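Structure file target-v9.csv (CSV, C-alpha atoms) follows.
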chain,number,residue,atom,x,y,z
Z,1,MET,CA,-19.1,65.0,24.7
Z,2,ASP,CA,-22.2,64.0,22.7
Z,3,GLY,CA,-25.6,65.0,23.6
Z,4,GLU,CA,-26.7,61.7,25.1
Z,5,ARG,CA,-23.7,61.4,27.4
Z,6,ALA,CA,-24.1,65.1,28.5
Z,7,VAL,CA,-27.7,64.3,29.5
Z,8,LEU,CA,-26.5,61.1,31.4
Z,9,VAL,CA,-23.8,63.1,33.2
Z,10,GLU,CA,-26.3,65.8,34.2
Z,11,ARG,CA,-28.8,63.2,35.5
Z,12,PHE,CA,-26.0,61.5,37.5
Z,13,GLU,CA,-24.8,64.8,39.0
Z,14,GLN,CA,-28.4,65.5,40.1
Z,15,ASP,CA,-28.2,62.4,42.2
Z,16,ARG,CA,-24.6,62.6,43.3
Z,17,ALA,CA,-25.3,64.2,46.7
Z,18,ARG,CA,-27.9,61.5,47.6
Z,19,LEU,CA,-25.6,58.7,46.5
Z,20,ARG,CA,-22.8,60.2,48.5
Z,21,ALA,CA,-25.0,60.4,51.6
Z,22,VAL,CA,-26.0,56.8,51.2
Z,23,ALA,CA,-22.4,55.7,50.8
Z,24,TYR,CA,-21.2,57.7,53.7
Z,25,ARG,CA,-23.8,56.2,56.1
Z,26,MET,CA,-22.9,52.8,54.8
Z,27,LEU,CA,-19.1,53.2,55.0
Z,28,GLY,CA,-18.5,56.0,57.6
Z,29,SER,CA,-15.6,57.2,55.5
Z,30,LEU,CA,-15.7,60.2,53.2
Z,31,SER,CA,-13.0,59.0,50.8
Z,32,GLU,CA,-14.5,55.5,50.6
Z,33,ALA,CA,-17.9,57.0,50.0
Z,34,GLU,CA,-16.4,59.1,47.1
Z,35,ASP,CA,-14.9,55.9,45.7
Z,36,ALA,CA,-18.2,54.1,45.8
Z,37,VAL,CA,-20.0,56.9,44.0
Z,38,GLN,CA,-17.2,57.0,41.4
Z,39,GLU,CA,-17.5,53.3,40.9
Z,40,THR,CA,-21.3,53.7,40.5
Z,41,TRP,CA,-20.7,56.3,37.7
Z,42,LEU,CA,-18.3,54.0,36.0
Z,43,ARG,CA,-20.8,51.2,35.9
Z,44,LEU,CA,-23.5,53.6,34.7
Z,45,SER,CA,-21.2,54.8,31.9
Z,46,ARG,CA,-20.7,51.2,30.7
Z,47,THR,CA,-24.5,50.5,30.7
Z,48,ASP,CA,-27.2,51.2,28.2
Z,49,ALA,CA,-28.9,54.0,30.1
Z,50,GLU,CA,-31.9,53.9,27.9
Z,51,SER,CA,-32.7,50.4,29.1
Z,52,ILE,CA,-32.9,51.6,32.7
Z,53,GLU,CA,-36.5,52.4,33.6
Z,54,ASN,CA,-35.9,53.9,37.0
Z,55,LEU,CA,-32.5,55.5,37.1
Z,56,LYS,CA,-32.7,56.7,40.7
Z,57,GLY,CA,-33.5,53.2,41.9
Z,58,TRP,CA,-30.8,51.7,39.7
Z,59,LEU,CA,-28.2,54.0,41.1
Z,60,THR,CA,-29.2,53.4,44.7
Z,61,THR,CA,-29.0,49.6,44.1
Z,62,VAL,CA,-25.6,49.9,42.5
Z,63,VAL,CA,-24.0,52.2,45.1
Z,64,ALA,CA,-25.5,50.0,47.9
Z,65,ARG,CA,-24.0,46.8,46.3
Z,66,VAL,CA,-20.6,48.5,45.9
Z,67,CYS,CA,-20.7,49.6,49.6
Z,68,LEU,CA,-21.8,46.1,50.7
Z,69,ASN,CA,-18.7,44.6,48.9
Z,70,MET,CA,-16.5,47.2,50.5
Z,71,LEU,CA,-17.8,46.5,53.9
Z,72,ARG,CA,-17.3,42.8,53.5
Z,73,SER,CA,-13.8,43.4,52.3
Z,74,ARG,CA,-13.2,45.7,55.3
Z,75,ASP,CA,-14.4,43.0,57.7
Z,76,ALA,CA,-12.0,40.5,56.2
Z,77,ARG,CA,-9.1,43.0,56.7
Z,78,ARG,CA,-10.0,43.6,60.3
Z,79,GLU,CA,-9.1,39.9,61.1
Z,80,GLU,CA,-5.5,40.7,60.1
Z,81,PRO,CA,-3.1,41.7,62.9
Z,82,LEU,CA,-2.9,45.5,63.5
Z,83,ASP,CA,0.4,47.3,63.3
Z,84,THR,CA,0.9,48.7,66.8
Z,85,GLY,CA,3.4,51.2,65.4
Z,86,ALA,CA,0.8,53.0,63.4
Z,87,PRO,CA,0.2,56.7,64.0
Z,88,ASP,CA,-2.6,57.7,66.4
Z,89,PRO,CA,-5.7,56.8,64.3
Z,90,HIS,CA,-8.0,59.5,65.7
Z,91,LEU,CA,-5.5,62.2,64.8
Z,92,ALA,CA,-4.4,61.0,61.3
Z,93,PRO,CA,-6.7,62.4,58.6
Z,94,GLU,CA,-7.8,60.2,55.8
Z,95,GLU,CA,-5.6,60.6,52.8
Z,96,GLY,CA,-7.2,62.7,50.1
Z,97,THR,CA,-10.0,64.1,52.2
Z,98,ASP,CA,-10.6,67.4,53.9
Z,99,PRO,CA,-10.7,66.9,57.7
Z,100,ALA,CA,-13.1,69.7,58.1
Z,101,GLU,CA,-15.5,68.3,55.6
Z,102,GLU,CA,-15.1,64.8,57.2
Z,103,ALA,CA,-16.1,66.4,60.6
Z,104,VAL,CA,-19.1,68.1,59.0
Z,105,MET,CA,-20.3,64.8,57.5
Z,106,ALA,CA,-19.8,63.0,60.8
Z,107,ASP,CA,-21.7,65.6,62.7
Z,108,SER,CA,-24.5,65.6,60.1
Z,109,VAL,CA,-25.0,61.9,60.7
Z,110,GLY,CA,-24.0,61.7,64.4
Z,111,LEU,CA,-20.7,60.2,65.4
Z,112,ALA,CA,-22.3,57.9,67.9
Z,113,LEU,CA,-24.6,56.6,65.2
Z,114,LEU,CA,-21.7,55.9,62.9
Z,115,VAL,CA,-20.0,54.0,65.8
Z,116,VAL,CA,-23.1,51.8,66.2
Z,117,LEU,CA,-23.4,51.2,62.5
Z,118,ASP,CA,-19.8,50.1,62.5
Z,119,THR,CA,-20.7,47.3,64.8
Z,120,LEU,CA,-23.4,45.9,62.5
Z,121,ALA,CA,-22.9,43.1,60.1
Z,122,PRO,CA,-22.8,44.4,56.5
Z,123,ALA,CA,-26.2,43.1,55.6
Z,124,GLU,CA,-27.8,44.6,58.7
Z,125,ARG,CA,-26.1,48.0,58.0
Z,126,LEU,CA,-27.4,48.0,54.4
Z,127,ALA,CA,-31.0,47.1,55.5
Z,128,PHE,CA,-31.1,49.7,58.2
Z,129,VAL,CA,-29.5,52.5,56.2
Z,130,LEU,CA,-31.5,52.0,53.1
Z,131,HIS,CA,-34.9,51.5,54.8
Z,132,ASP,CA,-34.8,53.7,57.9
Z,133,MET,CA,-32.7,56.5,56.5
Z,134,PHE,CA,-33.7,56.5,52.8
Z,135,ALA,CA,-37.1,54.9,52.8
Z,136,VAL,CA,-36.1,52.1,50.3
Z,137,PRO,CA,-38.8,49.4,50.4
Z,138,PHE,CA,-37.8,46.0,51.9
Z,139,ASP,CA,-38.5,44.1,48.7
Z,140,GLU,CA,-36.0,46.2,46.8
Z,141,ILE,CA,-33.4,45.7,49.6
Z,142,ALA,CA,-34.1,42.0,49.7
Z,143,ALA,CA,-33.2,41.7,46.0
Z,144,MET,CA,-29.8,43.4,46.7
Z,145,LEU,CA,-29.1,40.9,49.5
Z,146,ASP,CA,-30.6,37.9,47.8
Z,147,ARG,CA,-32.9,37.3,50.8
Z,148,THR,CA,-36.6,37.4,51.4
Z,149,PRO,CA,-38.3,40.6,52.3
Z,150,ALA,CA,-39.2,39.1,55.7
Z,151,ALA,CA,-35.6,38.2,56.4
Z,152,THR,CA,-34.5,41.7,55.3
Z,153,ARG,CA,-37.1,43.2,57.7
Z,154,GLN,CA,-35.6,41.2,60.5
Z,155,LEU,CA,-32.1,42.5,59.7
Z,156,ALA,CA,-33.3,46.1,59.9
Z,157,SER,CA,-35.1,45.4,63.1
Z,158,ARG,CA,-32.0,44.0,64.8
Z,159,ALA,CA,-30.0,46.9,63.6
Z,160,ARG,CA,-32.7,49.3,64.9
Z,161,ARG,CA,-32.6,47.9,68.4
Z,162,ARG,CA,-28.8,48.4,68.4
Z,163,VAL,CA,-29.1,52.0,67.2
Z,164,ARG,CA,-31.8,52.9,69.7
Z,165,GLY,CA,-29.8,51.6,72.6
Z,166,GLY,CA,-31.2,52.9,75.9
Z,167,SER,CA,-30.4,53.9,79.5
Z,168,PRO,CA,-31.9,52.9,82.8
Z,169,LEU,CA,-31.4,56.5,84.0
Z,170,PRO,CA,-34.3,59.1,84.0
Z,171,ALA,CA,-34.2,61.6,81.2
Z,172,SER,CA,-33.5,64.4,83.7
Z,173,ASP,CA,-30.3,62.6,84.9
Z,174,LEU,CA,-29.1,62.1,81.4
Z,175,ALA,CA,-29.8,65.8,80.6
Z,176,ARG,CA,-27.6,66.8,83.6
Z,177,GLN,CA,-24.9,64.4,82.6
Z,178,ARG,CA,-25.0,65.8,79.1
Z,179,GLU,CA,-24.6,69.4,80.4
Z,180,VAL,CA,-21.5,68.3,82.4
Z,181,VAL,CA,-19.9,66.4,79.5
Z,182,ASP,CA,-20.5,69.2,77.1
Z,183,ALA,CA,-18.9,71.6,79.5
Z,184,PHE,CA,-16.0,69.3,80.0
Z,185,LEU,CA,-15.5,69.1,76.2
Z,186,ALA,CA,-15.6,72.8,75.8
Z,187,ALA,CA,-13.2,73.5,78.7
Z,188,ALA,CA,-10.8,70.8,77.6
Z,189,ARG,CA,-10.7,72.0,74.0
Z,190,GLY,CA,-10.1,75.6,75.1
Z,191,GLY,CA,-7.5,74.7,77.8
Z,192,GLU,CA,-9.7,76.4,80.4
Z,193,PHE,CA,-8.1,75.0,83.6
Z,194,ASP,CA,-10.4,76.7,86.1
Z,195,ALA,CA,-13.6,75.6,84.2
Z,196,LEU,CA,-12.4,72.0,84.2
Z,197,VAL,CA,-11.6,72.1,87.9
Z,198,ALA,CA,-15.1,73.2,88.6
Z,199,LEU,CA,-16.6,70.2,86.9
Z,200,LEU,CA,-14.5,67.6,88.8
Z,201,ASP,CA,-15.0,66.1,92.2
Z,202,PRO,CA,-12.0,66.9,94.5
Z,203,ASP,CA,-11.2,63.2,94.7
Z,204,VAL,CA,-11.7,62.5,91.0
Z,205,VAL,CA,-9.7,59.6,89.5
Z,206,LEU,CA,-8.8,59.0,85.9
Z,207,HIS,CA,-7.8,55.5,84.7
Z,208,ALA,CA,-6.3,55.1,81.2
Z,209,ASP,CA,-5.6,51.6,79.8
Z,210,ARG,CA,-2.3,50.7,78.1
Z,211,ALA,CA,-3.7,51.3,74.6
Z,212,ALA,CA,-4.9,54.8,75.5
Z,213,GLY,CA,-1.3,56.0,76.3
Z,214,PRO,CA,0.7,58.1,76.7
Z,215,THR,CA,2.7,55.6,78.7
Z,216,PRO,CA,3.2,51.9,77.8
Z,217,GLN,CA,1.5,50.9,81.1
Z,218,PRO,CA,-1.9,51.7,82.5
Z,219,LEU,CA,-2.1,55.3,83.9
Z,220,THR,CA,-3.9,56.5,86.9
Z,221,LEU,CA,-4.3,60.2,87.8
Z,222,ARG,CA,-5.8,61.3,91.1
Z,223,GLY,CA,-7.2,64.7,92.2
Z,224,ARG,CA,-8.5,67.7,90.3
Z,225,ASP,CA,-5.2,69.3,89.4
Z,226,MET,CA,-3.7,66.1,87.9
Z,227,VAL,CA,-6.8,65.1,86.0
Z,228,THR,CA,-7.2,68.7,84.7
Z,229,LYS,CA,-3.6,68.7,83.4
Z,230,GLY,CA,-4.2,65.4,81.7
Z,231,ALA,CA,-7.4,66.7,80.1
Z,232,VAL,CA,-5.7,69.8,78.8
Z,233,ALA,CA,-2.8,67.7,77.4
Z,234,ALA,CA,-5.3,65.6,75.5
Z,235,ALA,CA,-7.0,68.6,73.9
Z,236,ALA,CA,-6.2,67.4,70.4
Z,237,ARG,CA,-8.2,64.2,71.1
Z,238,THR,CA,-11.2,66.1,72.6
Z,239,ARG,CA,-11.5,68.2,69.4
Z,240,VAL,CA,-12.5,65.0,67.6
Z,241,SER,CA,-14.7,63.6,70.4
Z,242,ARG,CA,-18.4,63.6,70.6
Z,243,PRO,CA,-20.9,62.8,73.3
Z,244,ALA,CA,-22.6,59.4,73.3
Z,245,LEU,CA,-24.2,56.9,75.6
Z,246,VAL,CA,-21.5,54.7,77.0
Z,247,ASN,CA,-22.9,51.7,78.9
Z,248,GLY,CA,-26.0,53.7,79.6
Z,249,SER,CA,-24.4,57.0,80.8
Z,250,VAL,CA,-23.2,60.0,78.9
Z,251,GLY,CA,-19.6,59.7,77.8
Z,252,LEU,CA,-17.4,60.5,74.9
Z,253,VAL,CA,-16.3,58.6,71.8
Z,254,MET,CA,-13.5,59.2,69.3
Z,255,ALA,CA,-14.3,57.4,66.1
Z,256,PRO,CA,-12.4,58.3,62.9
Z,257,HIS,CA,-14.4,57.2,59.9
Z,258,GLY,CA,-17.0,55.7,62.2
Z,259,HIS,CA,-14.6,53.2,63.8
Z,260,LEU,CA,-14.4,53.5,67.6
Z,261,THR,CA,-10.8,54.0,68.8
Z,262,ILE,CA,-11.2,55.6,72.2
Z,263,ALA,CA,-14.1,56.0,74.6
Z,264,LEU,CA,-14.4,57.9,77.9
Z,265,ALA,CA,-16.8,56.6,80.5
Z,266,PHE,CA,-17.7,58.9,83.3
Z,267,THR,CA,-19.3,58.5,86.7
Z,268,PHE,CA,-21.0,61.4,88.3
Z,269,THR,CA,-21.9,62.4,91.9
Z,270,ASP,CA,-23.9,65.5,92.7
Z,271,GLY,CA,-23.4,67.0,89.2
Z,272,ARG,CA,-19.6,66.5,89.2
Z,273,ILE,CA,-17.3,64.0,87.5
Z,274,THR,CA,-15.9,61.5,90.0
Z,275,THR,CA,-14.1,59.0,87.7
Z,276,ILE,CA,-13.0,59.0,84.1
Z,277,ASP,CA,-12.2,55.7,82.4
Z,278,VAL,CA,-10.2,56.1,79.2
Z,279,ILE,CA,-10.7,53.0,77.1
Z,280,ALA,CA,-8.7,52.2,74.0
Z,281,ASP,CA,-8.0,48.5,74.4
Z,282,ARG,CA,-9.8,46.7,71.5
Z,283,PRO,CA,-11.5,43.9,73.5
Z,284,ARG,CA,-12.7,46.5,76.1
Z,285,LEU,CA,-14.0,48.8,73.3
Z,286,ASP,CA,-15.8,45.9,71.7
Z,287,ALA,CA,-17.5,45.1,75.0
Z,288,LEU,CA,-18.9,48.6,75.4
Z,289,ASP,CA,-22.6,49.4,74.8
Z,290,ILE,CA,-22.5,52.5,72.7
Z,291,ALA,CA,-25.6,54.3,71.5
Z,292,PRO,CA,-26.6,57.8,70.2
Z,293,LEU,CA,-28.0,60.3,72.6
Z,294,ALA,CA,-31.6,61.3,72.1
Z,295,PRO,CA,-31.9,64.6,70.2
Could you write out this structure as structure tokens?
Amino acid sequence: MDGERAVLVERFEQDRARLRAVAYRMLGSLSEAEDAVQETWLRLSRTDAESIENLKGWLTTVVARVCLNMLRSRDARREEPLDTGAPDPHLAPEEGTDPAEEAVMADSVGLALLVVLDTLAPAERLAFVLHDMFAVPFDEIAAMLDRTPAATRQLASRARRRVRGGSPLPASDLARQREVVDAFLAAARGGEFDALVALLDPDVVLHADRAAGPTPQPLTLRGRDMVTKGAVAAAARTRVSRPALVNGSVGLVMAPHGHLTIALAFTFTDGRITTIDVIADRPRLDALDIAPLAP
């Protein structure tokens, strides 16, 4: 390796973590983020680096454009019919990635935020991620999107409204709901039968649509014991679930690589869970209002 290339590699490696962070927030997938960063390096290696005045800005632009193309390609693929015989998506790890590292990345961003980002149009996602998360000026983002700075600002504004979400409930009610949902998660993950029973109303009802399984027909469980057994049986799912606002109340989302596959909507009475709606049907998921919980 000659001296100039060694310097170029060193400069790129200094920026790799930031590029990876940008790509992950754009794509919600660790393996795709790594692919985008690698493509950015390949493009740099084929470029006269001495002609680049601002290498950091150049790399940001390139990785953003690569991600934008990947998002547009992904949207086109989503229009194709899904294979209903595919393995459970929230339990199947992404090929070539470390599930633990993927979980750490998702938690560092916030799984609910990734879910909301996944609902944005590619241009909206790019404008919001680059400006609000990485402080890239709108005029630079506008050049990437071939739009005016004013139009780009509007894209970010629309995305920001989706991300912020909201709830009509007082903060104190949301805080109590969060406590109950956190306790539900901990008890379900640990198989703690008695702890789950204490969180449920005696007449609690769980509804699961056909897509949620485990039966080919919608499932209804009634009473503490039945619902608790169902929650314990679904412990593998709860391990990859995170709290989020679901239609304005605290619920749970499962979203491998930022793509929502299952949501749990709860209703609460006097600090206990009275109903659980397990939603996996795609049209129902798409109709949900998902938002991150306030820190």
Q. Which of these residues is nearest to Thr267 (chain Z), using all atoms listed in the file: Z:Arg178, Z:Lys229, Z:Arg189, Z:Arg43?
A.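 Ranked by minimum distance to Thr267 (chain Z), first place goes to Z:Arg178.
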(Q) Could you list, as a list in words, every residue within 7 Å of Phe266 (chain Z), counting all atoms listed in the file and ignoring same-chain residues fewer than 5 positions away? (A) Gly251, Ile273, Thr275, Ile276 and Asp277 of chain Z
Q) For Glu140 (chain Z), which residue out of Z:Thr215, Z:Leu44, Z:Ala127, Z:Val163 is the nearest one, using only C-alpha atoms? A)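 Once distances to Glu140 (chain Z) are computed over only C-alpha atoms, the minimum belongs to Z:Ala127.
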Q: Find the residue from Z:Val7, Z:Ala188, Z:Phe193, Z:Ile279 that sits nearest to Asp209 (chain Z); use all atoms listed in the file when measuring.
A: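 Looking at the shortest contact to Asp209 (chain Z), the residue is Z:Ile279.
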Q) Which neighbours of Pro137 (chain Z) fall inside 12 Å, counting only C-alpha atoms, when residues of the same chain fewer than 3 positions from it are skipped, and could you give them as a count of residues only? A) 21
Q | Straight-line distance linking CA of Leu145 (chain Z) with CA of Val116 (chain Z), stated in Å to one decimal | A |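 Between these atoms lies a distance of 20.8 Å.
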Q. Closest to Leu8 (chain Z) among Z:Ala123, Z:Leu55, Z:Leu111, Z:Ala100, using all atoms listed in the file?
A. Z:Leu55
Could you give me, as a PDB file with C-alpha atoms, in the coordinates of the input, the residues within 7 Å of region 235-250 of chain Z, counting all atoms listed in the file and dropping anything in the same chain fewer than 4 positions from it?
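Result file part_31.pdb:
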ATOM      1  CA  LEU Z 111     -20.700  60.200  65.400  1.00  0.00           C
ATOM      2  CA  ALA Z 112     -22.300  57.900  67.900  1.00  0.00           C
ATOM      3  CA  GLY Z 166     -31.200  52.900  75.900  1.00  0.00           C
ATOM      4  CA  SER Z 167     -30.400  53.900  79.500  1.00  0.00           C
ATOM      5  CA  PRO Z 168     -31.900  52.900  82.800  1.00  0.00           C
ATOM      6  CA  LEU Z 174     -29.100  62.100  81.400  1.00  0.00           C
ATOM      7  CA  GLN Z 177     -24.900  64.400  82.600  1.00  0.00           C
ATOM      8  CA  ARG Z 178     -25.000  65.800  79.100  1.00  0.00           C
ATOM      9  CA  LEU Z 185     -15.500  69.100  76.200  1.00  0.00           C
ATOM     10  CA  ALA Z 188     -10.800  70.800  77.600  1.00  0.00           C
ATOM     11  CA  ARG Z 189     -10.700  72.000  74.000  1.00  0.00           C
ATOM     12  CA  ALA Z 231      -7.400  66.700  80.100  1.00  0.00           C
ATOM     13  CA  MET Z 254     -13.500  59.200  69.300  1.00  0.00           C
ATOM     14  CA  ALA Z 265     -16.800  56.600  80.500  1.00  0.00           C
ATOM     15  CA  LEU Z 288     -18.900  48.600  75.400  1.00  0.00           C
ATOM     16  CA  ASP Z 289     -22.600  49.400  74.800  1.00  0.00           C
ATOM     17  CA  ILE Z 290     -22.500  52.500  72.700  1.00  0.00           C
ATOM     18  CA  ALA Z 291     -25.600  54.300  71.500  1.00  0.00           C
ATOM     19  CA  PRO Z 292     -26.600  57.800  70.200  1.00  0.00           C
ATOM     20  CA  LEU Z 293     -28.000  60.300  72.600  1.00  0.00           C
TER      21      LEU Z 293
END
Q) Distance CA of Cys67 (chain Z)-CA of Leu285 (chain Z), one decimal place? A)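 Between CA of Cys67 (chain Z) and CA of Leu285 (chain Z) the gap is 24.6 Å.
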**Q.** Option closest in space to Leu219 (chain Z), from Z:Val278, Z:Arg74, Z:Pro256, Z:Gly110 [counting only C-alpha atoms]
**A.**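 Under the stated criterion, the closest residue is Z:Val278.
The residue that comes closest to Ala21 (chain Z), out of Z:Glu34, Z:Ala175, Z:Val115, Z:Asp182 and on the basis of only C-alpha atoms, is Z:Glu34.
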Please output region 220-234 of chain Z, rebuilt to include N, CA, C and O atoms, as a PDB file, in the coordinates of the input.
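Wrote it out as out.pdb, contents follow:
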ATOM      1  N   THR Z 220      -2.905  56.061  85.998  1.00  0.00           N
ATOM      2  CA  THR Z 220      -3.900  56.500  86.900  1.00  0.00           C
ATOM      3  C   THR Z 220      -3.538  57.932  87.413  1.00  0.00           C
ATOM      4  O   THR Z 220      -2.398  58.159  87.841  1.00  0.00           O
ATOM      5  N   LEU Z 221      -4.479  58.865  87.295  1.00  0.00           N
ATOM      6  CA  LEU Z 221      -4.300  60.200  87.800  1.00  0.00           C
ATOM      7  C   LEU Z 221      -5.330  60.467  88.890  1.00  0.00           C
ATOM      8  O   LEU Z 221      -6.498  60.097  88.744  1.00  0.00           O
ATOM      9  N   ARG Z 222      -4.906  61.106  89.981  1.00  0.00           N
ATOM     10  CA  ARG Z 222      -5.800  61.300  91.100  1.00  0.00           C
ATOM     11  C   ARG Z 222      -5.824  62.838  91.452  1.00  0.00           C
ATOM     12  O   ARG Z 222      -4.783  63.492  91.463  1.00  0.00           O
ATOM     13  N   GLY Z 223      -7.029  63.315  91.753  1.00  0.00           N
ATOM     14  CA  GLY Z 223      -7.200  64.700  92.200  1.00  0.00           C
ATOM     15  C   GLY Z 223      -7.450  65.638  91.021  1.00  0.00           C
ATOM     16  O   GLY Z 223      -7.098  65.375  89.875  1.00  0.00           O
ATOM     17  N   ARG Z 224      -8.091  66.745  91.339  1.00  0.00           N
ATOM     18  CA  ARG Z 224      -8.500  67.700  90.300  1.00  0.00           C
ATOM     19  C   ARG Z 224      -7.359  68.219  89.462  1.00  0.00           C
ATOM     20  O   ARG Z 224      -7.437  68.265  88.237  1.00  0.00           O
ATOM     21  N   ASP Z 225      -6.282  68.621  90.120  1.00  0.00           N
ATOM     22  CA  ASP Z 225      -5.200  69.300  89.400  1.00  0.00           C
ATOM     23  C   ASP Z 225      -4.570  68.296  88.374  1.00  0.00           C
ATOM     24  O   ASP Z 225      -4.339  68.649  87.208  1.00  0.00           O
ATOM     25  N   MET Z 226      -4.287  67.067  88.807  1.00  0.00           N
ATOM     26  CA  MET Z 226      -3.700  66.100  87.900  1.00  0.00           C
ATOM     27  C   MET Z 226      -4.578  65.731  86.763  1.00  0.00           C
ATOM     28  O   MET Z 226      -4.148  65.653  85.605  1.00  0.00           O
ATOM     29  N   VAL Z 227      -5.851  65.502  87.054  1.00  0.00           N
ATOM     30  CA  VAL Z 227      -6.800  65.100  86.000  1.00  0.00           C
ATOM     31  C   VAL Z 227      -7.006  66.278  85.028  1.00  0.00           C
ATOM     32  O   VAL Z 227      -7.086  66.078  83.808  1.00  0.00           O
ATOM     33  N   THR Z 228      -7.065  67.485  85.548  1.00  0.00           N
ATOM     34  CA  THR Z 228      -7.200  68.700  84.700  1.00  0.00           C
ATOM     35  C   THR Z 228      -6.031  68.816  83.759  1.00  0.00           C
ATOM     36  O   THR Z 228      -6.188  69.071  82.552  1.00  0.00           O
ATOM     37  N   LYS Z 229      -4.830  68.646  84.273  1.00  0.00           N
ATOM     38  CA  LYS Z 229      -3.600  68.700  83.400  1.00  0.00           C
ATOM     39  C   LYS Z 229      -3.657  67.659  82.344  1.00  0.00           C
ATOM     40  O   LYS Z 229      -3.283  67.918  81.194  1.00  0.00           O
ATOM     41  N   GLY Z 230      -4.104  66.466  82.715  1.00  0.00           N
ATOM     42  CA  GLY Z 230      -4.200  65.400  81.700  1.00  0.00           C
ATOM     43  C   GLY Z 230      -5.216  65.718  80.641  1.00  0.00           C
ATOM     44  O   GLY Z 230      -4.981  65.455  79.456  1.00  0.00           O
ATOM     45  N   ALA Z 231      -6.352  66.313  81.035  1.00  0.00           N
ATOM     46  CA  ALA Z 231      -7.400  66.700  80.100  1.00  0.00           C
ATOM     47  C   ALA Z 231      -6.901  67.750  79.113  1.00  0.00           C
ATOM     48  O   ALA Z 231      -7.155  67.705  77.903  1.00  0.00           O
ATOM     49  N   VAL Z 232      -6.194  68.736  79.648  1.00  0.00           N
ATOM     50  CA  VAL Z 232      -5.700  69.800  78.800  1.00  0.00           C
ATOM     51  C   VAL Z 232      -4.628  69.256  77.833  1.00  0.00           C
ATOM     52  O   VAL Z 232      -4.582  69.639  76.657  1.00  0.00           O
ATOM     53  N   ALA Z 233      -3.803  68.310  78.304  1.00  0.00           N
ATOM     54  CA  ALA Z 233      -2.800  67.700  77.400  1.00  0.00           C
ATOM     55  C   ALA Z 233      -3.401  66.917  76.304  1.00  0.00           C
ATOM     56  O   ALA Z 233      -2.783  66.745  75.249  1.00  0.00           O
ATOM     57  N   ALA Z 234      -4.623  66.430  76.520  1.00  0.00           N
ATOM     58  CA  ALA Z 234      -5.300  65.600  75.500  1.00  0.00           C
ATOM     59  C   ALA Z 234      -6.287  66.447  74.683  1.00  0.00           C
ATOM     60  O   ALA Z 234      -7.229  65.909  74.103  1.00  0.00           O
TER      61      ALA Z 234
END
